[in-house]
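K.L.:
As input, take coords.cif (mmCIF, N, CA and C atoms):
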data_input
loop_
_atom_site.label_atom_id
_atom_site.label_comp_id
_atom_site.auth_asym_id
_atom_site.auth_seq_id
_atom_site.Cartn_x
_atom_site.Cartn_y
_atom_site.Cartn_z
N ARG N 736 36.92 -32.28 -141.63
CA ARG N 736 37.77 -33.21 -140.93
C ARG N 736 39.23 -32.75 -140.97
N PHE N 737 39.63 -32.20 -142.08
CA PHE N 737 41.02 -31.80 -142.21
C PHE N 737 41.16 -30.29 -142.28
N GLY N 738 40.15 -29.56 -141.84
CA GLY N 738 40.22 -28.10 -141.80
C GLY N 738 40.14 -27.45 -143.16
N LYS N 739 39.60 -28.12 -144.13
CA LYS N 739 39.48 -27.57 -145.49
C LYS N 739 38.14 -26.85 -145.67
N TRP N 740 37.72 -26.14 -144.65
CA TRP N 740 36.39 -25.52 -144.65
C TRP N 740 36.22 -24.52 -145.79
N GLU N 741 37.24 -23.71 -146.06
CA GLU N 741 37.14 -22.74 -147.16
C GLU N 741 36.97 -23.45 -148.49
N ASN N 742 37.70 -24.55 -148.69
CA ASN N 742 37.58 -25.31 -149.94
C ASN N 742 36.16 -25.83 -150.12
N ILE N 743 35.57 -26.30 -149.02
CA ILE N 743 34.20 -26.81 -149.09
C ILE N 743 33.23 -25.70 -149.49
N LEU N 744 33.38 -24.54 -148.87
CA LEU N 744 32.46 -23.43 -149.15
C LEU N 744 32.71 -22.79 -150.51
N ASN N 745 33.93 -22.87 -151.00
CA ASN N 745 34.25 -22.26 -152.30
C ASN N 745 34.04 -23.21 -153.48
N ALA N 746 33.79 -24.47 -153.20
CA ALA N 746 33.56 -25.43 -154.29
C ALA N 746 32.33 -25.01 -155.08
N LYS N 747 32.42 -25.09 -156.37
CA LYS N 747 31.32 -24.67 -157.25
C LYS N 747 30.49 -25.89 -157.65
N PHE N 748 29.22 -25.80 -157.35
CA PHE N 748 28.27 -26.83 -157.75
C PHE N 748 27.21 -26.18 -158.61
N LYS N 749 26.83 -26.84 -159.66
CA LYS N 749 25.78 -26.29 -160.50
C LYS N 749 24.49 -26.22 -159.70
N ASP N 750 23.80 -25.08 -159.78
CA ASP N 750 22.58 -24.89 -159.01
C ASP N 750 21.57 -26.00 -159.24
N LYS N 751 21.50 -26.50 -160.47
CA LYS N 751 20.50 -27.54 -160.76
C LYS N 751 20.78 -28.81 -159.97
N TYR N 752 22.02 -29.02 -159.56
CA TYR N 752 22.34 -30.21 -158.78
C TYR N 752 22.17 -29.99 -157.28
N MET N 753 22.06 -28.75 -156.86
CA MET N 753 21.99 -28.47 -155.43
C MET N 753 20.57 -28.37 -154.89
N SER N 754 19.58 -28.52 -155.74
CA SER N 754 18.20 -28.48 -155.25
C SER N 754 17.64 -29.91 -155.22
N VAL N 755 16.59 -30.08 -154.47
CA VAL N 755 15.97 -31.40 -154.35
C VAL N 755 15.35 -31.82 -155.67
N VAL N 756 14.87 -30.87 -156.44
CA VAL N 756 14.24 -31.19 -157.72
C VAL N 756 15.35 -31.35 -158.76
N SER N 757 15.34 -32.45 -159.46
CA SER N 757 16.36 -32.73 -160.45
C SER N 757 15.73 -33.44 -161.63
N SER N 758 16.39 -33.35 -162.76
CA SER N 758 15.86 -34.02 -163.95
C SER N 758 16.28 -35.48 -164.02
N SER N 759 17.08 -35.92 -163.09
CA SER N 759 17.52 -37.32 -163.08
C SER N 759 16.35 -38.24 -162.75
N HIS N 760 16.49 -39.50 -163.07
CA HIS N 760 15.41 -40.45 -162.82
C HIS N 760 15.92 -41.64 -162.02
N GLY N 761 15.00 -42.26 -161.28
CA GLY N 761 15.27 -43.52 -160.60
C GLY N 761 16.45 -43.48 -159.67
N TRP N 762 17.25 -44.55 -159.72
CA TRP N 762 18.37 -44.69 -158.80
C TRP N 762 19.40 -43.58 -158.99
N LYS N 763 19.53 -43.07 -160.22
CA LYS N 763 20.47 -41.96 -160.44
C LYS N 763 20.06 -40.75 -159.63
N LYS N 764 18.77 -40.45 -159.63
CA LYS N 764 18.28 -39.31 -158.86
C LYS N 764 18.51 -39.54 -157.38
N ASN N 765 18.24 -40.74 -156.90
CA ASN N 765 18.43 -41.04 -155.49
C ASN N 765 19.90 -40.89 -155.10
N GLY N 766 20.79 -41.41 -155.90
CA GLY N 766 22.22 -41.27 -155.65
C GLY N 766 22.65 -39.82 -155.63
N LEU N 767 22.08 -39.03 -156.52
CA LEU N 767 22.38 -37.60 -156.57
C LEU N 767 21.89 -36.93 -155.29
N LEU N 768 20.70 -37.27 -154.83
CA LEU N 768 20.16 -36.67 -153.61
C LEU N 768 21.03 -37.02 -152.41
N VAL N 769 21.48 -38.25 -152.31
CA VAL N 769 22.35 -38.65 -151.20
C VAL N 769 23.66 -37.87 -151.26
N SER N 770 24.19 -37.71 -152.46
CA SER N 770 25.43 -36.94 -152.63
C SER N 770 25.23 -35.47 -152.25
N ILE N 771 24.12 -34.90 -152.68
CA ILE N 771 23.83 -33.50 -152.34
C ILE N 771 23.67 -33.36 -150.82
N ALA N 772 23.03 -34.33 -150.18
CA ALA N 772 22.90 -34.30 -148.72
C ALA N 772 24.29 -34.29 -148.08
N GLY N 773 25.21 -35.05 -148.62
CA GLY N 773 26.58 -35.07 -148.11
C GLY N 773 27.25 -33.71 -148.25
N VAL N 774 27.02 -33.06 -149.37
CA VAL N 774 27.57 -31.72 -149.58
C VAL N 774 26.95 -30.73 -148.59
N ARG N 775 25.64 -30.81 -148.40
CA ARG N 775 24.96 -29.91 -147.45
C ARG N 775 25.46 -30.15 -146.03
N TYR N 776 25.70 -31.41 -145.68
CA TYR N 776 26.25 -31.75 -144.38
C TYR N 776 27.61 -31.07 -144.19
N ALA N 777 28.48 -31.24 -145.17
CA ALA N 777 29.82 -30.66 -145.09
C ALA N 777 29.76 -29.14 -145.02
N ARG N 778 28.89 -28.53 -145.81
CA ARG N 778 28.78 -27.07 -145.80
C ARG N 778 28.24 -26.55 -144.46
N THR N 779 27.33 -27.29 -143.84
CA THR N 779 26.84 -26.89 -142.52
C THR N 779 27.99 -26.84 -141.53
N LEU N 780 28.77 -27.90 -141.49
CA LEU N 780 29.90 -27.94 -140.57
C LEU N 780 30.94 -26.87 -140.91
N ALA N 781 31.15 -26.65 -142.19
CA ALA N 781 32.12 -25.63 -142.60
C ALA N 781 31.74 -24.26 -142.06
N TYR N 782 30.48 -23.91 -142.14
CA TYR N 782 30.05 -22.61 -141.61
C TYR N 782 30.24 -22.54 -140.10
N LEU N 783 30.11 -23.65 -139.42
CA LEU N 783 30.29 -23.65 -137.97
C LEU N 783 31.76 -23.58 -137.58
N TYR N 784 32.63 -24.22 -138.35
CA TYR N 784 34.03 -24.32 -137.97
C TYR N 784 34.94 -23.28 -138.60
N LEU N 785 34.59 -22.74 -139.75
CA LEU N 785 35.48 -21.83 -140.47
C LEU N 785 35.85 -20.64 -139.59
N ASN N 786 37.12 -20.49 -139.35
CA ASN N 786 37.68 -19.38 -138.57
C ASN N 786 37.25 -19.35 -137.11
N SER N 787 36.51 -20.35 -136.66
CA SER N 787 36.04 -20.33 -135.27
C SER N 787 37.22 -20.42 -134.30
N HIS N 788 38.28 -21.10 -134.70
CA HIS N 788 39.45 -21.22 -133.83
C HIS N 788 40.19 -19.90 -133.70
N LYS N 789 40.03 -19.01 -134.70
CA LYS N 789 40.68 -17.69 -134.65
C LYS N 789 39.80 -16.65 -133.97
N THR N 790 38.53 -16.68 -134.29
CA THR N 790 37.64 -15.60 -133.85
C THR N 790 36.76 -15.98 -132.67
N GLY N 791 36.55 -17.27 -132.47
CA GLY N 791 35.64 -17.70 -131.41
C GLY N 791 34.18 -17.50 -131.77
N THR N 792 33.91 -17.16 -133.03
CA THR N 792 32.52 -16.96 -133.47
C THR N 792 32.16 -18.01 -134.51
N PHE N 793 30.87 -18.21 -134.66
CA PHE N 793 30.37 -19.23 -135.57
C PHE N 793 29.29 -18.61 -136.44
N ASN N 794 29.21 -19.04 -137.69
CA ASN N 794 28.18 -18.53 -138.58
C ASN N 794 26.97 -19.46 -138.52
N VAL N 795 26.25 -19.34 -137.41
CA VAL N 795 25.12 -20.23 -137.15
C VAL N 795 24.00 -20.02 -138.17
N ASN N 796 23.76 -18.78 -138.57
CA ASN N 796 22.66 -18.52 -139.51
C ASN N 796 22.89 -19.22 -140.85
N ARG N 797 24.09 -19.11 -141.37
CA ARG N 797 24.37 -19.79 -142.64
C ARG N 797 24.39 -21.31 -142.47
N ALA N 798 24.89 -21.77 -141.34
CA ALA N 798 24.88 -23.20 -141.06
C ALA N 798 23.44 -23.70 -141.00
N ARG N 799 22.58 -22.95 -140.36
CA ARG N 799 21.17 -23.34 -140.25
C ARG N 799 20.54 -23.40 -141.65
N GLY N 800 20.90 -22.47 -142.54
CA GLY N 800 20.38 -22.48 -143.91
C GLY N 800 20.78 -23.75 -144.65
N GLU N 801 22.04 -24.15 -144.52
CA GLU N 801 22.50 -25.39 -145.15
C GLU N 801 21.82 -26.60 -144.52
N GLN N 802 21.65 -26.56 -143.21
CA GLN N 802 21.00 -27.66 -142.52
C GLN N 802 19.56 -27.82 -143.01
N LYS N 803 18.88 -26.71 -143.25
CA LYS N 803 17.50 -26.79 -143.75
C LYS N 803 17.45 -27.49 -145.10
N GLU N 804 18.43 -27.21 -145.96
CA GLU N 804 18.49 -27.89 -147.26
C GLU N 804 18.77 -29.38 -147.07
N PHE N 805 19.63 -29.71 -146.13
CA PHE N 805 19.91 -31.11 -145.80
C PHE N 805 18.62 -31.81 -145.36
N ILE N 806 17.88 -31.16 -144.48
CA ILE N 806 16.64 -31.74 -143.95
C ILE N 806 15.60 -31.90 -145.06
N LYS N 807 15.54 -30.96 -146.01
CA LYS N 807 14.61 -31.10 -147.14
C LYS N 807 14.88 -32.40 -147.88
N ILE N 808 16.15 -32.69 -148.09
CA ILE N 808 16.51 -33.93 -148.79
C ILE N 808 16.15 -35.14 -147.93
N LEU N 809 16.50 -35.08 -146.66
CA LEU N 809 16.23 -36.20 -145.76
C LEU N 809 14.74 -36.51 -145.69
N ASN N 810 13.91 -35.49 -145.71
CA ASN N 810 12.47 -35.67 -145.60
C ASN N 810 11.76 -35.78 -146.95
N SER N 811 12.51 -35.68 -148.03
CA SER N 811 11.93 -35.70 -149.36
C SER N 811 11.33 -37.07 -149.69
N ALA N 812 10.18 -37.04 -150.29
CA ALA N 812 9.57 -38.29 -150.77
C ALA N 812 10.38 -38.87 -151.92
N GLU N 813 11.24 -38.06 -152.49
CA GLU N 813 12.06 -38.49 -153.62
C GLU N 813 13.19 -39.44 -153.20
N ILE N 814 13.62 -39.33 -151.95
CA ILE N 814 14.76 -40.16 -151.53
C ILE N 814 14.26 -41.53 -151.11
N LYS N 815 14.89 -42.52 -151.65
CA LYS N 815 14.53 -43.91 -151.39
C LYS N 815 15.68 -44.58 -150.64
N PRO N 816 15.36 -45.54 -149.80
CA PRO N 816 16.44 -46.25 -149.12
C PRO N 816 17.34 -46.94 -150.14
N SER N 817 18.60 -46.60 -150.11
CA SER N 817 19.59 -47.25 -150.97
C SER N 817 20.79 -47.58 -150.09
N MET N 818 21.60 -48.46 -150.56
CA MET N 818 22.72 -48.90 -149.74
C MET N 818 23.85 -47.88 -149.74
N MET N 819 24.36 -47.60 -148.56
CA MET N 819 25.53 -46.74 -148.36
C MET N 819 26.45 -47.58 -147.47
N GLY N 820 27.44 -48.19 -148.07
CA GLY N 820 28.20 -49.19 -147.33
C GLY N 820 27.30 -50.39 -147.12
N ASN N 821 27.10 -50.78 -145.88
CA ASN N 821 26.21 -51.89 -145.61
C ASN N 821 24.97 -51.44 -144.83
N ASN N 822 24.62 -50.16 -144.96
CA ASN N 822 23.43 -49.60 -144.32
C ASN N 822 22.62 -48.83 -145.35
N PHE N 823 21.37 -48.60 -145.02
CA PHE N 823 20.54 -47.79 -145.90
C PHE N 823 20.89 -46.32 -145.73
N SER N 824 20.99 -45.63 -146.85
CA SER N 824 21.43 -44.24 -146.84
C SER N 824 20.54 -43.36 -145.97
N ASN N 825 19.23 -43.58 -145.99
CA ASN N 825 18.36 -42.72 -145.20
C ASN N 825 18.64 -42.86 -143.70
N ARG N 826 19.03 -44.05 -143.26
CA ARG N 826 19.36 -44.24 -141.83
C ARG N 826 20.68 -43.56 -141.48
N VAL N 827 21.65 -43.65 -142.37
CA VAL N 827 22.93 -42.98 -142.14
C VAL N 827 22.71 -41.46 -142.11
N LEU N 828 21.89 -40.96 -143.03
CA LEU N 828 21.61 -39.53 -143.07
C LEU N 828 20.86 -39.05 -141.83
N GLN N 829 20.04 -39.91 -141.23
CA GLN N 829 19.35 -39.54 -139.98
C GLN N 829 20.37 -39.32 -138.86
N VAL N 830 21.38 -40.16 -138.80
CA VAL N 830 22.44 -39.98 -137.80
C VAL N 830 23.17 -38.66 -138.07
N ALA N 831 23.48 -38.41 -139.33
CA ALA N 831 24.14 -37.16 -139.70
C ALA N 831 23.29 -35.95 -139.31
N GLY N 832 21.99 -36.07 -139.51
CA GLY N 832 21.08 -34.98 -139.15
C GLY N 832 21.11 -34.69 -137.66
N SER N 833 21.20 -35.74 -136.85
CA SER N 833 21.31 -35.55 -135.40
C SER N 833 22.59 -34.79 -135.05
N LYS N 834 23.67 -35.17 -135.71
CA LYS N 834 24.95 -34.49 -135.44
C LYS N 834 24.87 -33.02 -135.81
N LEU N 835 24.29 -32.71 -136.96
CA LEU N 835 24.18 -31.30 -137.37
C LEU N 835 23.34 -30.50 -136.39
N GLU N 836 22.19 -31.03 -136.00
CA GLU N 836 21.32 -30.31 -135.07
C GLU N 836 22.04 -30.07 -133.75
N ALA N 837 22.75 -31.08 -133.26
CA ALA N 837 23.47 -30.93 -131.99
C ALA N 837 24.62 -29.93 -132.11
N GLU N 838 25.33 -29.95 -133.22
CA GLU N 838 26.44 -29.00 -133.42
C GLU N 838 25.93 -27.56 -133.37
N ILE N 839 24.82 -27.32 -134.05
CA ILE N 839 24.25 -25.96 -134.07
C ILE N 839 23.75 -25.58 -132.67
N ALA N 840 23.04 -26.49 -132.03
CA ALA N 840 22.54 -26.20 -130.68
C ALA N 840 23.68 -25.90 -129.72
N PHE N 841 24.76 -26.64 -129.84
CA PHE N 841 25.92 -26.41 -128.98
C PHE N 841 26.47 -25.00 -129.20
N ARG N 842 26.59 -24.59 -130.46
CA ARG N 842 27.11 -23.26 -130.78
C ARG N 842 26.19 -22.15 -130.26
N GLN N 843 24.92 -22.48 -130.10
CA GLN N 843 23.96 -21.51 -129.58
C GLN N 843 23.89 -21.53 -128.05
N GLY N 844 24.67 -22.40 -127.43
CA GLY N 844 24.67 -22.48 -125.98
C GLY N 844 23.53 -23.30 -125.40
N ARG N 845 22.87 -24.07 -126.25
CA ARG N 845 21.74 -24.91 -125.82
C ARG N 845 22.28 -26.32 -125.55
N TYR N 846 23.06 -26.44 -124.48
CA TYR N 846 23.81 -27.65 -124.21
C TYR N 846 22.93 -28.85 -123.87
N ASP N 847 21.93 -28.65 -123.03
CA ASP N 847 21.05 -29.78 -122.67
C ASP N 847 20.34 -30.33 -123.89
N TYR N 848 19.86 -29.42 -124.75
CA TYR N 848 19.19 -29.85 -125.98
C TYR N 848 20.18 -30.60 -126.88
N ALA N 849 21.39 -30.08 -127.01
CA ALA N 849 22.40 -30.73 -127.85
C ALA N 849 22.66 -32.16 -127.37
N ILE N 850 22.76 -32.34 -126.05
CA ILE N 850 23.00 -33.67 -125.51
C ILE N 850 21.81 -34.58 -125.80
N THR N 851 20.59 -34.08 -125.65
CA THR N 851 19.40 -34.87 -125.94
C THR N 851 19.38 -35.32 -127.40
N VAL N 852 19.70 -34.41 -128.30
CA VAL N 852 19.73 -34.74 -129.73
C VAL N 852 20.81 -35.78 -130.01
N LEU N 853 21.97 -35.62 -129.38
CA LEU N 853 23.04 -36.59 -129.58
C LEU N 853 22.68 -37.96 -129.02
N GLU N 854 21.96 -37.99 -127.90
CA GLU N 854 21.54 -39.28 -127.36
C GLU N 854 20.62 -40.01 -128.34
N THR N 855 19.73 -39.25 -128.99
CA THR N 855 18.88 -39.83 -130.03
C THR N 855 19.75 -40.33 -131.18
N GLY N 856 20.73 -39.53 -131.56
CA GLY N 856 21.65 -39.93 -132.62
C GLY N 856 22.43 -41.19 -132.28
N VAL N 857 22.82 -41.33 -131.02
CA VAL N 857 23.52 -42.54 -130.58
C VAL N 857 22.63 -43.76 -130.78
N GLU N 858 21.34 -43.63 -130.40
CA GLU N 858 20.41 -44.75 -130.60
C GLU N 858 20.28 -45.11 -132.08
N LEU N 859 20.17 -44.08 -132.93
CA LEU N 859 20.10 -44.33 -134.37
C LEU N 859 21.38 -44.99 -134.87
N ASN N 860 22.51 -44.47 -134.41
CA ASN N 860 23.81 -44.99 -134.82
C ASN N 860 24.00 -46.43 -134.37
N ASP N 861 23.54 -46.73 -133.15
CA ASP N 861 23.65 -48.10 -132.65
C ASP N 861 22.80 -49.07 -133.48
N GLY N 862 21.77 -48.55 -134.15
CA GLY N 862 20.92 -49.38 -135.00
C GLY N 862 21.52 -49.67 -136.36
N LEU N 863 22.63 -49.01 -136.69
CA LEU N 863 23.29 -49.28 -137.96
C LEU N 863 24.03 -50.61 -137.89
N ARG N 864 24.14 -51.24 -139.03
CA ARG N 864 24.92 -52.47 -139.11
C ARG N 864 26.39 -52.13 -138.86
N LYS N 865 27.08 -53.07 -138.30
CA LYS N 865 28.50 -52.84 -138.02
C LYS N 865 29.27 -52.65 -139.32
N GLY N 866 30.35 -51.93 -139.22
CA GLY N 866 31.18 -51.70 -140.39
C GLY N 866 30.99 -50.33 -140.99
N HIS N 867 29.92 -49.65 -140.61
CA HIS N 867 29.72 -48.27 -141.11
C HIS N 867 29.29 -47.43 -139.93
N ASN N 868 30.26 -46.87 -139.27
CA ASN N 868 29.98 -46.08 -138.09
C ASN N 868 30.85 -44.83 -138.15
N PRO N 869 30.50 -43.89 -139.05
CA PRO N 869 31.38 -42.74 -139.26
C PRO N 869 31.40 -41.74 -138.11
N TRP N 870 30.41 -41.81 -137.24
CA TRP N 870 30.33 -40.83 -136.16
C TRP N 870 30.37 -41.54 -134.82
N ASP N 871 31.18 -41.03 -133.94
CA ASP N 871 31.12 -41.51 -132.57
C ASP N 871 30.47 -40.38 -131.77
N LEU N 872 29.15 -40.38 -131.76
CA LEU N 872 28.41 -39.30 -131.14
C LEU N 872 28.61 -39.29 -129.63
N ARG N 873 29.02 -40.39 -129.05
CA ARG N 873 29.31 -40.40 -127.61
C ARG N 873 30.47 -39.45 -127.30
N ASN N 874 31.44 -39.36 -128.22
CA ASN N 874 32.54 -38.39 -128.03
C ASN N 874 32.01 -36.97 -128.03
N ASN N 875 31.03 -36.68 -128.87
CA ASN N 875 30.44 -35.35 -128.90
C ASN N 875 29.76 -35.03 -127.57
N ILE N 876 29.06 -36.00 -127.02
CA ILE N 876 28.41 -35.80 -125.72
C ILE N 876 29.46 -35.50 -124.66
N SER N 877 30.54 -36.26 -124.64
CA SER N 877 31.61 -36.04 -123.67
C SER N 877 32.19 -34.64 -123.84
N GLY N 878 32.39 -34.23 -125.08
CA GLY N 878 32.93 -32.90 -125.34
C GLY N 878 32.06 -31.79 -124.79
N ILE N 879 30.75 -31.93 -124.95
CA ILE N 879 29.83 -30.92 -124.42
C ILE N 879 29.89 -30.89 -122.91
N VAL N 880 29.90 -32.06 -122.29
CA VAL N 880 29.96 -32.12 -120.83
C VAL N 880 31.23 -31.46 -120.31
N PHE N 881 32.35 -31.71 -120.97
CA PHE N 881 33.62 -31.10 -120.52
C PHE N 881 33.67 -29.60 -120.80
N ASP N 882 33.02 -29.16 -121.87
CA ASP N 882 33.03 -27.73 -122.21
C ASP N 882 32.12 -26.89 -121.32
N THR N 883 31.15 -27.52 -120.67
CA THR N 883 30.18 -26.74 -119.89
C THR N 883 30.47 -26.74 -118.42
#
Kindly present the structure from the file in structure tokens form.
P.N.:
Amino acid sequence: RFGKWENILNAKFKDKYMSVVSSSHGWKKNGLLVSIAGVRYARTLAYLYLNSHKTGTFNVNRARGEQKEFIKILNSAEIKPSMMGNNFSNRVLQVAGSKLEAEIAFRQGRYDYAITVLETGVELNDGLRKGHNPWDLRNNISGIVFDT
């Protein structure tokens, strides 16, 4: 959000905390998984945005790797619905997952697919309770339309 992409990628996290398998139990483990998903989300975007304004290139392969780790958490049987603001974390993470998929597809030139994914994300986002709407995916759709 503030162009701190290098800081995000250079942040040191203990490997044991960055995998889906953890020694934590119960709600602590769930909270850790949601936090790790947030880190994976940020790292995915960082790989897409880092130096892109200077070079016009994107590190889609590394972004895709981070996205896969994000998806592992999202699809993990270990993650339980918990509150994130006034919404369940798994629903908020589903919206985030739509944004990541669309961002990568856009960078690959798959504009129609990116718009389709964002439209699904808009439906998911509209299903969230008011007061927690961190993404305006409609803006992303407009951006793709104007860029193409």
K.L.:
Find the residue from N:Leu783, N:Val795, N:Val830, N:Ala772 that sits nearest to Leu809 in chain N; use only C-alpha atoms when measuring.
P.N.:
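For Leu809 in chain N, the nearest of the candidates is N:Ala772.
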K.L.:
Rank N:Arg797, N:Ala849, N:Thr792, N:Asn825 by their smallest atom-to-atom distance to Glu813 in chain N, using only C-alpha atoms, and report the top residue only.
P.N.:
N:Asn825
K.L.:
DSSP on the backbone: which residues in chain N end up as alpha helix (DSSP H)? Give the answer as a VMD selection string.
P.N.:
chain N and resid 740 to 745 750 to 753 761 to 784 787 to 790 795 to 810 824 to 842 846 to 861 872 to 882
K.L.:
Taking only C-alpha atoms into account, which of N:Gly738, N:Gly862, N:Arg826, N:Thr851 comes nearest Ile814 in chain N?
P.N.:
N:Arg826
K.L.:
Interatomic distance between CA of Ile808 in chain N and CA of Arg775 in chain N?
P.N.:
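Value for the CA of Ile808 in chain N-CA of Arg775 in chain N distance: 9.5 Å.
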K.L.:
Rounded to one decimal, what separation in Å do you get between CA of Asn745 in chain N and CA of Lys807 in chain N?
P.N.:
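Answer for the CA of Asn745 in chain N to CA of Lys807 in chain N separation: 22.1 Å.
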K.L.:
Which residue out of N:Tyr776, N:Arg842, N:Ala746, N:Ala831 has the minimum interatomic distance to Phe793 in chain N when only N, CA and C atoms are used?
P.N.:
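Counting only N, CA and C atoms, the residue closest to Phe793 in chain N is N:Arg842.
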K.L.:
What's the 8 Å shell around Glu741 in chain N, counting only N, CA and C atoms, without same-chain residues fewer than 2 positions away, as number ranges by chain?
P.N.:
N: 738-739, 743-746, 781-782, 784-786
K.L.:
Name the residues in contact with Gly800 in chain N at a cut-off of 8 Å, using only C-alpha atoms, excluding same-chain residues fewer than 4 positions from it; report them as a list of chain:residue names.
P.N.:
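In the requested format, the answer is N:Thr779, N:Asn796, N:Glu804.
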K.L.:
Give the answer as one residue: which of N:Ala837, N:Pro816, N:Phe805, N:Leu853 has the shortest atom-to-atom distance to Gly766 in chain N, using only C-alpha atoms?
P.N.:
N:Pro816
